[in-house]
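Coordinates from upload_12.cif are shown below (mmCIF, C-alpha atoms and all ligand atoms).
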data_input
#
loop_
_atom_site.group_PDB
_atom_site.id
_atom_site.type_symbol
_atom_site.label_atom_id
_atom_site.label_comp_id
_atom_site.auth_asym_id
_atom_site.auth_seq_id
_atom_site.Cartn_x
_atom_site.Cartn_y
_atom_site.Cartn_z
ATOM 1 C CA MET H 1 -11.269 5.164 -5.336
ATOM 2 C CA THR H 2 -13.550 5.798 -8.283
ATOM 3 C CA GLU H 3 -17.042 4.788 -9.436
ATOM 4 C CA ASP H 4 -16.146 1.271 -10.624
ATOM 5 C CA LEU H 5 -13.569 0.783 -7.876
ATOM 6 C CA THR H 6 -15.058 0.767 -4.389
ATOM 7 C CA VAL H 7 -12.867 -0.664 -1.632
ATOM 8 C CA THR H 8 -12.952 -0.929 2.141
ATOM 9 C CA ARG H 9 -10.875 1.793 3.780
ATOM 10 C CA MET H 10 -9.047 -0.960 5.663
ATOM 11 C CA GLY H 11 -7.028 -2.959 3.161
ATOM 12 C CA TYR H 12 -4.080 -5.319 3.434
ATOM 13 C CA GLY H 13 -0.476 -4.824 2.295
ATOM 14 C CA ALA H 14 0.964 -8.133 1.098
ATOM 15 C CA MET H 15 4.664 -7.205 1.154
ATOM 16 C CA GLN H 16 5.348 -9.021 4.434
ATOM 17 C CA LEU H 17 4.263 -12.338 2.888
ATOM 18 C CA ALA H 18 7.562 -12.902 1.049
ATOM 19 C CA GLY H 19 10.747 -14.038 2.796
ATOM 20 C CA PRO H 20 13.096 -11.866 4.908
ATOM 21 C CA TYR H 21 13.749 -8.430 3.345
ATOM 22 C CA VAL H 22 10.894 -9.159 0.908
ATOM 23 C CA PHE H 23 13.174 -11.594 -0.898
ATOM 24 C CA GLY H 24 12.568 -15.284 -1.585
ATOM 25 C CA PRO H 25 9.809 -17.509 -0.233
ATOM 26 C CA PRO H 26 8.246 -17.143 3.224
ATOM 27 C CA ALA H 27 9.209 -19.579 5.962
ATOM 28 C CA ASP H 28 5.606 -20.850 6.060
ATOM 29 C CA ARG H 29 3.731 -20.609 2.758
ATOM 30 C CA ASN H 30 0.554 -22.125 4.217
ATOM 31 C CA ALA H 31 0.493 -19.403 6.869
ATOM 32 C CA ALA H 32 0.790 -16.757 4.125
ATOM 33 C CA VAL H 33 -2.125 -18.341 2.252
ATOM 34 C CA SER H 34 -4.168 -18.416 5.474
ATOM 35 C CA ILE H 35 -3.641 -14.748 6.269
ATOM 36 C CA LEU H 36 -4.831 -13.681 2.811
ATOM 37 C CA ARG H 37 -7.933 -15.854 3.120
ATOM 38 C CA GLU H 38 -8.579 -14.477 6.596
ATOM 39 C CA ALA H 39 -8.225 -10.888 5.348
ATOM 40 C CA VAL H 40 -10.866 -11.489 2.677
ATOM 41 C CA ALA H 41 -13.089 -13.454 5.106
ATOM 42 C CA LEU H 42 -12.956 -10.457 7.462
ATOM 43 C CA GLY H 43 -14.282 -8.248 4.675
ATOM 44 C CA ILE H 44 -11.150 -6.601 3.264
ATOM 45 C CA THR H 45 -11.581 -5.781 -0.455
ATOM 46 C CA HIS H 46 -8.251 -4.032 -1.167
ATOM 47 C CA ILE H 47 -4.927 -5.897 -1.360
ATOM 48 C CA ASP H 48 -1.727 -4.056 -2.208
ATOM 49 C CA THR H 49 1.097 -5.983 -3.838
ATOM 50 C CA ALA H 50 3.945 -5.829 -6.395
ATOM 51 C CA ASP H 51 5.529 -8.452 -8.580
ATOM 52 C CA ALA H 52 8.869 -7.297 -7.133
ATOM 53 C CA TYR H 53 7.851 -8.826 -3.760
ATOM 54 C CA GLY H 54 9.722 -12.127 -3.649
ATOM 55 C CA PRO H 55 10.096 -11.365 -6.646
ATOM 56 C CA HIS H 56 6.936 -12.953 -8.120
ATOM 57 C CA ILE H 57 6.339 -15.042 -4.988
ATOM 58 C CA THR H 58 3.871 -12.757 -3.197
ATOM 59 C CA ASN H 59 1.675 -12.495 -6.293
ATOM 60 C CA GLN H 60 1.816 -16.273 -6.755
ATOM 61 C CA ILE H 61 0.720 -16.758 -3.127
ATOM 62 C CA ILE H 62 -2.157 -14.291 -3.637
ATOM 63 C CA LYS H 63 -3.285 -16.305 -6.655
ATOM 64 C CA GLU H 64 -2.987 -19.607 -4.771
ATOM 65 C CA ALA H 65 -4.962 -18.228 -1.822
ATOM 66 C CA LEU H 66 -7.713 -16.283 -3.522
ATOM 67 C CA HIS H 67 -8.103 -17.129 -7.223
ATOM 68 C CA PRO H 68 -10.773 -17.063 -8.639
ATOM 69 C CA TYR H 69 -11.132 -13.696 -6.970
ATOM 70 C CA PRO H 70 -14.443 -12.454 -5.574
ATOM 71 C CA ASP H 71 -15.880 -9.598 -7.673
ATOM 72 C CA SER H 72 -15.589 -7.289 -4.670
ATOM 73 C CA LEU H 73 -11.822 -7.784 -4.313
ATOM 74 C CA HIS H 74 -9.444 -5.274 -5.900
ATOM 75 C CA ILE H 75 -5.723 -5.983 -6.180
ATOM 76 C CA VAL H 76 -3.492 -2.950 -6.585
ATOM 77 C CA THR H 77 0.011 -3.557 -7.885
ATOM 78 C CA LYS H 78 3.148 -1.548 -8.662
ATOM 79 C CA VAL H 79 5.674 -1.461 -11.468
ATOM 80 C CA GLY H 80 8.839 0.564 -11.925
ATOM 81 C CA SER H 81 11.425 -1.399 -9.959
ATOM 82 C CA VAL H 82 12.725 -4.952 -10.012
ATOM 83 C CA ARG H 83 14.996 -6.960 -7.724
ATOM 84 C CA ASP H 84 18.680 -7.624 -8.238
ATOM 85 C CA ALA H 85 20.644 -10.656 -7.036
ATOM 86 C CA GLU H 86 21.426 -8.924 -3.728
ATOM 87 C CA GLY H 87 17.770 -8.163 -3.027
ATOM 88 C CA GLY H 88 18.108 -4.480 -4.047
ATOM 89 C CA TRP H 89 15.310 -2.569 -5.815
ATOM 90 C CA PRO H 90 16.849 -1.017 -8.961
ATOM 91 C CA PRO H 91 14.522 1.148 -11.070
ATOM 92 C CA ALA H 92 13.036 -0.521 -14.164
ATOM 93 C CA ARG H 93 11.088 2.163 -15.985
ATOM 94 C CA ALA H 94 12.171 1.642 -19.613
ATOM 95 C CA PRO H 95 9.172 0.937 -21.882
ATOM 96 C CA HIS H 96 10.035 -2.750 -22.376
ATOM 97 C CA GLN H 97 10.541 -3.206 -18.622
ATOM 98 C CA LEU H 98 7.166 -1.665 -17.777
ATOM 99 C CA ARG H 99 5.399 -3.767 -20.405
ATOM 100 C CA GLN H 100 7.120 -6.897 -19.083
ATOM 101 C CA ALA H 101 6.188 -5.989 -15.487
ATOM 102 C CA VAL H 102 2.514 -5.579 -16.389
ATOM 103 C CA HIS H 103 2.515 -8.971 -18.142
ATOM 104 C CA ASP H 104 4.329 -10.584 -15.182
ATOM 105 C CA ASN H 105 1.704 -9.193 -12.787
ATOM 106 C CA LEU H 106 -1.120 -10.468 -15.010
ATOM 107 C CA LYS H 107 0.439 -13.925 -15.225
ATOM 108 C CA ASN H 108 1.387 -14.315 -11.573
ATOM 109 C CA LEU H 109 -1.935 -12.986 -10.305
ATOM 110 C CA GLY H 110 -3.935 -14.953 -12.911
ATOM 111 C CA LEU H 111 -5.757 -11.893 -14.271
ATOM 112 C CA ASP H 112 -6.651 -10.584 -17.754
ATOM 113 C CA THR H 113 -6.750 -6.968 -16.548
ATOM 114 C CA LEU H 114 -5.111 -5.296 -13.555
ATOM 115 C CA ASP H 115 -7.478 -3.108 -11.486
ATOM 116 C CA VAL H 116 -4.858 -0.519 -10.532
ATOM 117 C CA VAL H 117 -1.183 -0.191 -11.431
ATOM 118 C CA ASN H 118 0.967 2.323 -9.576
ATOM 119 C CA LEU H 119 4.089 3.646 -11.250
ATOM 120 C CA ARG H 120 6.693 3.483 -8.462
ATOM 121 C CA VAL H 121 9.195 6.285 -8.928
ATOM 122 C CA GLY H 122 11.325 7.228 -5.888
ATOM 123 C CA GLY H 123 12.862 5.115 -3.142
ATOM 124 C CA LEU H 124 11.684 4.214 0.352
ATOM 125 C CA GLN H 125 12.832 7.479 1.875
ATOM 126 C CA GLY H 126 11.007 9.709 -0.564
ATOM 127 C CA PRO H 127 10.412 10.826 -4.138
ATOM 128 C CA THR H 128 13.218 11.327 -6.636
ATOM 129 C CA PRO H 129 12.415 14.573 -8.492
ATOM 130 C CA GLY H 130 12.346 14.620 -12.287
ATOM 131 C CA SER H 131 10.040 14.024 -15.215
ATOM 132 C CA ILE H 132 7.963 10.842 -15.212
ATOM 133 C CA ALA H 133 6.252 11.612 -18.519
ATOM 134 C CA GLU H 134 7.939 8.838 -20.479
ATOM 135 C CA PRO H 135 7.175 5.896 -18.156
ATOM 136 C CA PHE H 136 3.702 7.182 -17.304
ATOM 137 C CA THR H 137 2.879 7.475 -21.013
ATOM 138 C CA VAL H 138 3.809 3.804 -21.397
ATOM 139 C CA LEU H 139 1.358 2.847 -18.642
ATOM 140 C CA ALA H 140 -1.342 5.031 -20.214
ATOM 141 C CA GLN H 141 -0.784 3.113 -23.469
ATOM 142 C CA LEU H 142 -1.098 -0.235 -21.634
ATOM 143 C CA GLN H 143 -4.312 1.103 -20.103
ATOM 144 C CA ARG H 144 -5.650 1.932 -23.591
ATOM 145 C CA GLU H 145 -4.750 -1.613 -24.653
ATOM 146 C CA GLY H 146 -7.057 -2.895 -21.889
ATOM 147 C CA LEU H 147 -4.392 -4.453 -19.659
ATOM 148 C CA ILE H 148 -4.913 -1.920 -16.844
ATOM 149 C CA LYS H 149 -8.167 -0.355 -15.611
ATOM 150 C CA HIS H 150 -6.796 2.485 -13.462
ATOM 151 C CA LEU H 151 -3.461 4.176 -12.916
ATOM 152 C CA GLY H 152 -1.778 5.414 -9.760
ATOM 153 C CA LEU H 153 1.598 6.681 -8.585
ATOM 154 C CA SER H 154 3.957 5.766 -5.777
ATOM 155 C CA ASN H 155 6.908 7.569 -4.170
ATOM 156 C CA VAL H 156 6.179 10.793 -6.037
ATOM 157 C CA ASN H 157 6.036 14.537 -5.366
ATOM 158 C CA ALA H 158 3.317 17.062 -6.259
ATOM 159 C CA GLU H 159 5.023 18.097 -9.530
ATOM 160 C CA GLN H 160 5.218 14.514 -10.730
ATOM 161 C CA ILE H 161 1.548 13.975 -9.866
ATOM 162 C CA ALA H 162 0.561 17.052 -11.891
ATOM 163 C CA GLU H 163 2.699 15.912 -14.805
ATOM 164 C CA ALA H 164 1.093 12.448 -14.781
ATOM 165 C CA GLN H 165 -2.401 13.957 -14.632
ATOM 166 C CA SER H 166 -1.658 15.898 -17.812
ATOM 167 C CA ILE H 167 -1.192 12.484 -19.498
ATOM 168 C CA ALA H 168 -3.935 10.321 -17.932
ATOM 169 C CA PRO H 169 -6.164 10.384 -14.814
ATOM 170 C CA ILE H 170 -4.872 8.791 -11.624
ATOM 171 C CA VAL H 171 -6.981 7.244 -8.853
ATOM 172 C CA CYS H 172 -4.425 6.937 -6.036
ATOM 173 C CA VAL H 173 -1.047 7.987 -4.685
ATOM 174 C CA GLN H 174 0.991 5.684 -2.441
ATOM 175 C CA ASN H 175 3.730 7.399 -0.426
ATOM 176 C CA PHE H 176 5.505 6.995 2.925
ATOM 177 C CA TYR H 177 3.319 8.561 5.636
ATOM 178 C CA ASN H 178 2.267 7.812 9.194
ATOM 179 C CA LEU H 179 1.680 9.473 12.574
ATOM 180 C CA ALA H 180 5.385 10.241 12.959
ATOM 181 C CA HIS H 181 6.294 10.886 9.306
ATOM 182 C CA ARG H 182 4.052 13.634 7.982
ATOM 183 C CA GLY H 183 5.871 15.194 5.048
ATOM 184 C CA ASP H 184 2.837 14.681 2.794
ATOM 185 C CA ASP H 185 0.288 16.611 4.906
ATOM 186 C CA ASP H 186 -0.312 19.271 2.230
ATOM 187 C CA LEU H 187 -0.329 16.704 -0.562
ATOM 188 C CA ILE H 188 -2.978 14.613 1.216
ATOM 189 C CA ASP H 189 -5.257 17.645 1.484
ATOM 190 C CA SER H 190 -4.820 18.587 -2.161
ATOM 191 C CA LEU H 191 -5.506 15.005 -3.312
ATOM 192 C CA ALA H 192 -8.586 14.887 -1.065
ATOM 193 C CA ALA H 193 -9.896 18.018 -2.794
ATOM 194 C CA GLN H 194 -9.504 16.223 -6.143
ATOM 195 C CA GLY H 195 -11.150 12.992 -4.926
ATOM 196 C CA ILE H 196 -7.918 10.998 -5.279
ATOM 197 C CA ALA H 197 -7.101 8.292 -2.734
ATOM 198 C CA TYR H 198 -3.944 8.591 -0.644
ATOM 199 C CA VAL H 199 -2.581 5.211 0.460
ATOM 200 C CA PRO H 200 0.223 5.566 3.008
ATOM 201 C CA PHE H 201 2.864 2.868 2.966
ATOM 202 C CA PHE H 202 4.591 2.087 6.268
ATOM 203 C CA PRO H 203 1.368 3.152 8.090
ATOM 204 C CA LEU H 204 2.688 1.417 11.219
ATOM 205 C CA GLY H 205 6.286 2.533 10.722
ATOM 206 C CA GLY H 206 7.304 -0.265 8.341
ATOM 207 C CA PHE H 207 10.281 -2.404 9.294
ATOM 208 C CA SER H 208 10.553 -0.537 12.650
ATOM 209 C CA PRO H 209 6.983 -0.254 14.003
ATOM 210 C CA LEU H 210 6.076 3.107 15.579
ATOM 211 C CA GLN H 211 7.080 3.677 19.200
ATOM 212 C CA SER H 212 5.906 6.684 21.181
ATOM 213 C CA ASP H 213 4.895 7.282 24.797
ATOM 214 C CA LYS H 214 2.011 9.484 23.618
ATOM 215 C CA LEU H 215 0.739 6.741 21.319
ATOM 216 C CA ARG H 216 1.038 4.191 24.131
ATOM 217 C CA SER H 217 -0.815 6.403 26.610
ATOM 218 C CA VAL H 218 -3.761 6.995 24.227
ATOM 219 C CA ALA H 219 -3.899 3.248 23.538
ATOM 220 C CA THR H 220 -3.862 2.419 27.252
ATOM 221 C CA ARG H 221 -6.671 4.879 27.957
ATOM 222 C CA LEU H 222 -8.790 3.368 25.150
ATOM 223 C CA ASN H 223 -7.919 -0.170 26.248
ATOM 224 C CA THR H 224 -6.449 -1.015 22.852
ATOM 225 C CA THR H 225 -3.014 -1.265 21.211
ATOM 226 C CA PRO H 226 -0.703 1.459 19.855
ATOM 227 C CA MET H 227 -0.952 -0.023 16.334
ATOM 228 C CA ALA H 228 -4.765 0.130 16.370
ATOM 229 C CA VAL H 229 -4.582 3.789 17.464
ATOM 230 C CA ALA H 230 -2.006 4.613 14.753
ATOM 231 C CA LEU H 231 -4.363 3.223 12.112
ATOM 232 C CA ALA H 232 -7.429 4.952 13.578
ATOM 233 C CA TRP H 233 -5.495 8.235 13.524
ATOM 234 C CA LEU H 234 -4.804 7.802 9.789
ATOM 235 C CA LEU H 235 -8.467 7.072 9.067
ATOM 236 C CA GLN H 236 -9.475 10.232 10.912
ATOM 237 C CA ARG H 237 -6.679 12.301 9.334
ATOM 238 C CA SER H 238 -8.465 12.563 5.970
ATOM 239 C CA PRO H 239 -11.389 10.806 4.247
ATOM 240 C CA ASN H 240 -9.272 10.009 1.168
ATOM 241 C CA ILE H 241 -6.812 7.873 3.173
ATOM 242 C CA LEU H 242 -6.998 4.112 2.534
ATOM 243 C CA LEU H 243 -4.996 1.742 4.740
ATOM 244 C CA ILE H 244 -2.787 -1.177 3.683
ATOM 245 C CA PRO H 245 -1.001 -2.249 6.888
ATOM 246 C CA GLY H 246 1.177 -5.300 6.387
ATOM 247 C CA THR H 247 1.398 -8.256 8.694
ATOM 248 C CA SER H 248 2.346 -11.905 8.630
ATOM 249 C CA SER H 249 0.215 -12.612 11.705
ATOM 250 C CA VAL H 250 -3.518 -13.336 11.840
ATOM 251 C CA ALA H 251 -3.657 -11.898 15.384
ATOM 252 C CA HIS H 252 -2.126 -8.633 14.155
ATOM 253 C CA LEU H 253 -4.474 -8.594 11.170
ATOM 254 C CA ARG H 254 -7.483 -8.767 13.520
ATOM 255 C CA GLU H 255 -5.983 -6.118 15.785
ATOM 256 C CA ASN H 256 -5.393 -3.815 12.844
ATOM 257 C CA ILE H 257 -8.944 -4.243 11.576
ATOM 258 C CA SER H 258 -10.234 -3.376 15.047
ATOM 259 C CA GLY H 259 -8.334 -0.091 14.759
ATOM 260 C CA ALA H 260 -10.720 0.907 11.989
ATOM 261 C CA THR H 261 -13.605 0.882 14.464
ATOM 262 C CA LEU H 262 -11.986 3.219 17.006
ATOM 263 C CA THR H 263 -13.079 6.837 17.282
ATOM 264 C CA LEU H 264 -10.417 9.145 18.641
ATOM 265 C CA SER H 265 -11.558 12.201 20.611
ATOM 266 C CA GLU H 266 -10.343 15.738 19.889
ATOM 267 C CA ASP H 267 -8.067 15.448 22.954
ATOM 268 C CA ASP H 268 -6.606 12.188 21.658
ATOM 269 C CA LEU H 269 -6.013 13.749 18.231
ATOM 270 C CA THR H 270 -4.308 16.792 19.751
ATOM 271 C CA ASN H 271 -2.109 14.529 21.813
ATOM 272 C CA LEU H 272 -1.206 12.341 18.829
ATOM 273 C CA ASN H 273 -0.662 15.307 16.505
ATOM 274 C CA SER H 274 1.930 16.658 18.950
ATOM 275 C CA ILE H 275 4.160 13.628 18.264
ATOM 276 C CA VAL H 276 5.658 15.459 15.278
ATOM 277 C CA SER H 277 5.530 19.058 16.496
HETATM 278 N N1 LIG Y 301 5.215 1.854 -2.633
HETATM 279 C C1 LIG Y 301 6.248 1.482 -1.926
HETATM 280 O O1 LIG Y 301 7.398 1.822 -2.237
HETATM 281 C C2 LIG Y 301 6.027 0.628 -0.720
HETATM 282 C C3 LIG Y 301 7.059 0.481 0.215
HETATM 283 C C4 LIG Y 301 6.821 -0.280 1.336
HETATM 284 C C5 LIG Y 301 5.591 -0.884 1.526
HETATM 285 N N2 LIG Y 301 4.607 -0.754 0.602
HETATM 286 C C6 LIG Y 301 3.268 -1.347 0.798
HETATM 287 O O2 LIG Y 301 2.760 -0.893 2.034
HETATM 288 C C7 LIG Y 301 2.320 -1.998 2.819
HETATM 289 C C8 LIG Y 301 2.488 -1.670 4.280
HETATM 290 O O3 LIG Y 301 3.844 -1.477 4.584
HETATM 291 P P1 LIG Y 301 4.670 -2.455 5.525
HETATM 292 O O4 LIG Y 301 3.987 -3.763 5.660
HETATM 293 O O5 LIG Y 301 6.067 -2.472 5.053
HETATM 294 O O6 LIG Y 301 4.706 -1.638 6.863
HETATM 295 P P2 LIG Y 301 3.643 -1.391 8.037
HETATM 296 O O7 LIG Y 301 2.283 -1.815 7.631
HETATM 297 O O8 LIG Y 301 3.857 -0.011 8.520
HETATM 298 O O9 LIG Y 301 4.207 -2.327 9.180
HETATM 299 C C9 LIG Y 301 4.391 -3.693 9.041
HETATM 300 C C10 LIG Y 301 5.184 -4.149 10.254
HETATM 301 O O10 LIG Y 301 4.399 -3.946 11.419
HETATM 302 C C11 LIG Y 301 4.193 -5.174 12.088
HETATM 303 N N3 LIG Y 301 2.796 -5.175 12.532
HETATM 304 C C12 LIG Y 301 1.678 -5.159 11.777
HETATM 305 N N4 LIG Y 301 0.574 -5.149 12.545
HETATM 306 C C13 LIG Y 301 1.026 -5.144 13.835
HETATM 307 C C14 LIG Y 301 0.392 -5.152 15.083
HETATM 308 N N5 LIG Y 301 -0.949 -5.138 15.175
HETATM 309 N N6 LIG Y 301 1.146 -5.162 16.196
HETATM 310 C C15 LIG Y 301 2.489 -5.171 16.127
HETATM 311 N N7 LIG Y 301 3.166 -5.173 14.967
HETATM 312 C C16 LIG Y 301 2.443 -5.170 13.822
HETATM 313 C C17 LIG Y 301 4.467 -6.264 11.096
HETATM 314 O O11 LIG Y 301 4.974 -7.399 11.736
HETATM 315 P P3 LIG Y 301 4.129 -8.773 11.826
HETATM 316 O O12 LIG Y 301 4.287 -9.452 10.525
HETATM 317 O O13 LIG Y 301 4.788 -9.502 12.955
HETATM 318 O O14 LIG Y 301 2.727 -8.401 12.148
HETATM 319 C C18 LIG Y 301 5.508 -5.618 10.208
HETATM 320 O O15 LIG Y 301 6.803 -5.783 10.773
HETATM 321 C C19 LIG Y 301 3.197 -3.160 2.335
HETATM 322 O O16 LIG Y 301 2.643 -4.403 2.643
HETATM 323 C C20 LIG Y 301 3.269 -2.865 0.858
HETATM 324 O O17 LIG Y 301 2.129 -3.426 0.226
HETATM 325 C C21 LIG Y 301 4.795 0.020 -0.507
#

With the file now loaded, output its structure as structure tokens.
Ligand SMILES: NC(=O)c1ccc[n+]([C@@H]2O[C@H](COP(=O)([O-])OP(=O)(O)OC[C@H]3O[C@@H](n4cnc5c(N)ncnc54)[C@H](OP(=O)(O)O)[C@@H]3O)[C@@H](O)[C@H]2O)c1
Amino acid sequence: MTEDLTVTRMGYGAMQLAGPYVFGPPADRNAAVSILREAVALGITHIDTADAYGPHITNQIIKEALHPYPDSLHIVTKVGSVRDAEGGWPPARAPHQLRQAVHDNLKNLGLDTLDVVNLRVGGLQGPTPGSIAEPFTVLAQLQREGLIKHLGLSNVNAEQIAEAQSIAPIVCVQNFYNLAHRGDDDLIDSLAAQGIAYVPFFPLGGFSPLQSDKLRSVATRLNTTPMAVALAWLLQRSPNILLIPGTSSVAHLRENISGATLTLSEDDLTNLNSIVS
């Protein structure tokens, strides 16, 4: 992402480690611990999380599984929304809420400094337009205080990214994007030109994994799975894309990592690109 922040392009998204609907504890905490340890054992150096997952529980499981963290491992977290009693994700971007969220992440992850904090702005379906100067300035202040090394943004549009960059540098943008949901194509290219990482969430389709005959036929021809092809497509889409697929299964984790080794031909890419045209 930047000079002091080198990560594997294949990372791991920890959201699926909490209970159903990312709320409460997982059915099998030991299994959640095992998958994190397996991800790191397989060489992954980028874990995406948020203290809102659980809430708090996913970060506590990461700490239980991996603390003290290897120097190579970078944990990227998000602030800007909390959970309500019904499991909703209300925004929480007032200065005191952001400060509290950073301290909660530090405590639950067992860290003195967070490697990367994304300000999460919009909802799952897309950005919510409007100024983000006030909350981003709060994070820039927390960065100056030494609690955060690098800043990023999530669920944002191009105007919000430009506004944030006028306040402090960003190293990554995390938005909804995958083979079948390509609203950020132009944004990805412009971030690539600036050397900023783009980290698609829902890379496999999220709660409803991608389904497409074209995807299946490419996977069959390459003797692999549709999910591996979907991830390989993202890696070939642009060099600034970093992956954080989520899974609660070690078998799926291995399958997803194998996707990073696939090379798709021009014909495969043309076929896959036609899924959205
Ligand atoms: N910034 C944001 O607002 C935001 C929003 C959502 C997510 N995120 C981040 O993005 C990460 C990725 O998103 P996500 O986990 O929701 O979605 P995802 O990676 O697109 O898909 C996860 C789903 O795919 C399934 N899956 C994973 N690998 C599979 C495989 N090889 N074969 C079949 N099914 C497979 C998982 O089920 P199994 O458990 O059964 O494998 C799970 O249901 C999250 O972990 C989180 O860190 C950020």

field: 8 Å contact set for Tyr177 in chain H, all atoms listed in the file, chain neighbours under 6 positions out, as a ChimeraX atom specification
entry: /H:183-184,200-203

Give me a file of those residues, with C-alpha atoms, as a PDB file, in the frame of the given file.
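New file selection_23.pdb:
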ATOM      1  CA  GLY H 183       5.871  15.194   5.048  1.00  0.00           C
ATOM      2  CA  ASP H 184       2.837  14.681   2.794  1.00  0.00           C
ATOM      3  CA  PRO H 200       0.223   5.566   3.008  1.00  0.00           C
ATOM      4  CA  PHE H 201       2.864   2.868   2.966  1.00  0.00           C
ATOM      5  CA  PHE H 202       4.591   2.087   6.268  1.00  0.00           C
ATOM      6  CA  PRO H 203       1.368   3.152   8.090  1.00  0.00           C
TER       7      PRO H 203
END

query: What separation in Å, quoted to one decimal, exists between CA of Thr225 in chain H and atom O7 of ligand LIG 301 (chain Y)?
result: 14.6 Å

message: Calculated over only C-alpha atoms, which of the candidates H:Val276, H:Leu243, H:Val229, H:Val76 has the smallest distance to Asp115 in chain H?
response: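 Comparing H:Val276, H:Leu243, H:Val229, H:Val76 against Asp115 in chain H, the winner is H:Val76.
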
Shortest interatomic distance to Glu159 in chain H - which of H:Ile132, H:Ala219, H:Ile57, H:Leu264, counting only C-alpha atoms: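 Looking at the shortest contact to Glu159 in chain H, the residue is H:Ile132.
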
query: Within 12 Å of range 186-194 of chain H, counting all atoms listed in the file, which residues qualify if same-chain residues fewer than 2 places away don't, as a PyMOL selection string?
result: chain H and resi 1-2+156-162+165+169-178+182-184+196-200+234+237-242

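Between CA of Gln236 in chain H and CA of Met10 in chain H lies a distance of 12.4 Å.
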
task: Mind giving me the straight-line distance from CA of Thr128 in chain H to CA of Gln16 in chain H in Å, one decimal?
output: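 Distance between the two atoms: 24.5 Å.
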
message: Around ligand LIG 301 (chain Y), which protein and nucleic acid residues have at least one atom no more than 6 Å from it, if we count only C-alpha atoms and all ligand atoms? List them as a VMD selection string.
response: chain H and resid 13 to 16 48 to 49 124 154 174 201 to 207 209 227 244 to 249 252 255 to 256

Hey, can you spit out that residue selection with C-alpha atoms as a tab-separated table (two decimals), in the frame of the given file?
chain	number	residue	atom	x	y	z
H	13	GLY	CA	-0.48	-4.82	2.30
H	14	ALA	CA	0.96	-8.13	1.10
H	15	MET	CA	4.66	-7.20	1.15
H	16	GLN	CA	5.35	-9.02	4.43
H	48	ASP	CA	-1.73	-4.06	-2.21
H	49	THR	CA	1.10	-5.98	-3.84
H	124	LEU	CA	11.68	4.21	0.35
H	154	SER	CA	3.96	5.77	-5.78
H	174	GLN	CA	0.99	5.68	-2.44
H	201	PHE	CA	2.86	2.87	2.97
H	202	PHE	CA	4.59	2.09	6.27
H	203	PRO	CA	1.37	3.15	8.09
H	204	LEU	CA	2.69	1.42	11.22
H	205	GLY	CA	6.29	2.53	10.72
H	206	GLY	CA	7.30	-0.26	8.34
H	207	PHE	CA	10.28	-2.40	9.29
H	209	PRO	CA	6.98	-0.25	14.00
H	227	MET	CA	-0.95	-0.02	16.33
H	244	ILE	CA	-2.79	-1.18	3.68
H	245	PRO	CA	-1.00	-2.25	6.89
H	246	GLY	CA	1.18	-5.30	6.39
H	247	THR	CA	1.40	-8.26	8.69
H	248	SER	CA	2.35	-11.90	8.63
H	249	SER	CA	0.22	-12.61	11.70
H	252	HIS	CA	-2.13	-8.63	14.16
H	255	GLU	CA	-5.98	-6.12	15.78
H	256	ASN	CA	-5.39	-3.82	12.84

query: Leaving out Asp51 in chain H and any residue of its chain fewer than 3 positions from it, which residues lie within 6 Å of it when counting all atoms listed in the file, given as an MDAnalysis selection string?
result: chainID H and resid 55:56 105

So that I have them on file, write out the residues from the current selection with C-alpha atoms, as a compact mmCIF listing (two decimals), keeping the file's coordinate frame.
# COMPACT_ATOMS: atom_id res chain seq x y z
CA PRO H 55 10.10 -11.36 -6.65
CA HIS H 56 6.94 -12.95 -8.12
CA ASN H 105 1.70 -9.19 -12.79

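The nearest approach to Ala180 in chain H among the residues H:Ile75, H:Ala85, H:Ala92, H:Leu210, with all atoms listed in the file taken into account, belongs to H:Leu210.
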
Residues in the PyMOL selection byres (((chain H and resi 146) around 12) and not hetatm), expressed as a ChimeraX atom specification: /H:102-103,106,111-116,139-145,147-151

query: With distances taken over only C-alpha atoms, which of H:Gly122, H:Gly11, H:Gly110, H:Gly88 is nearest to Pro68 in chain H?
result: H:Gly110

field: Shortest interatomic distance to Pro129 in chain H - which of H:Thr263, H:Ala31, H:Asn155, H:Pro91, counting all atoms listed in the file
entry: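 Closest residue, counting all atoms listed in the file: H:Asn155.
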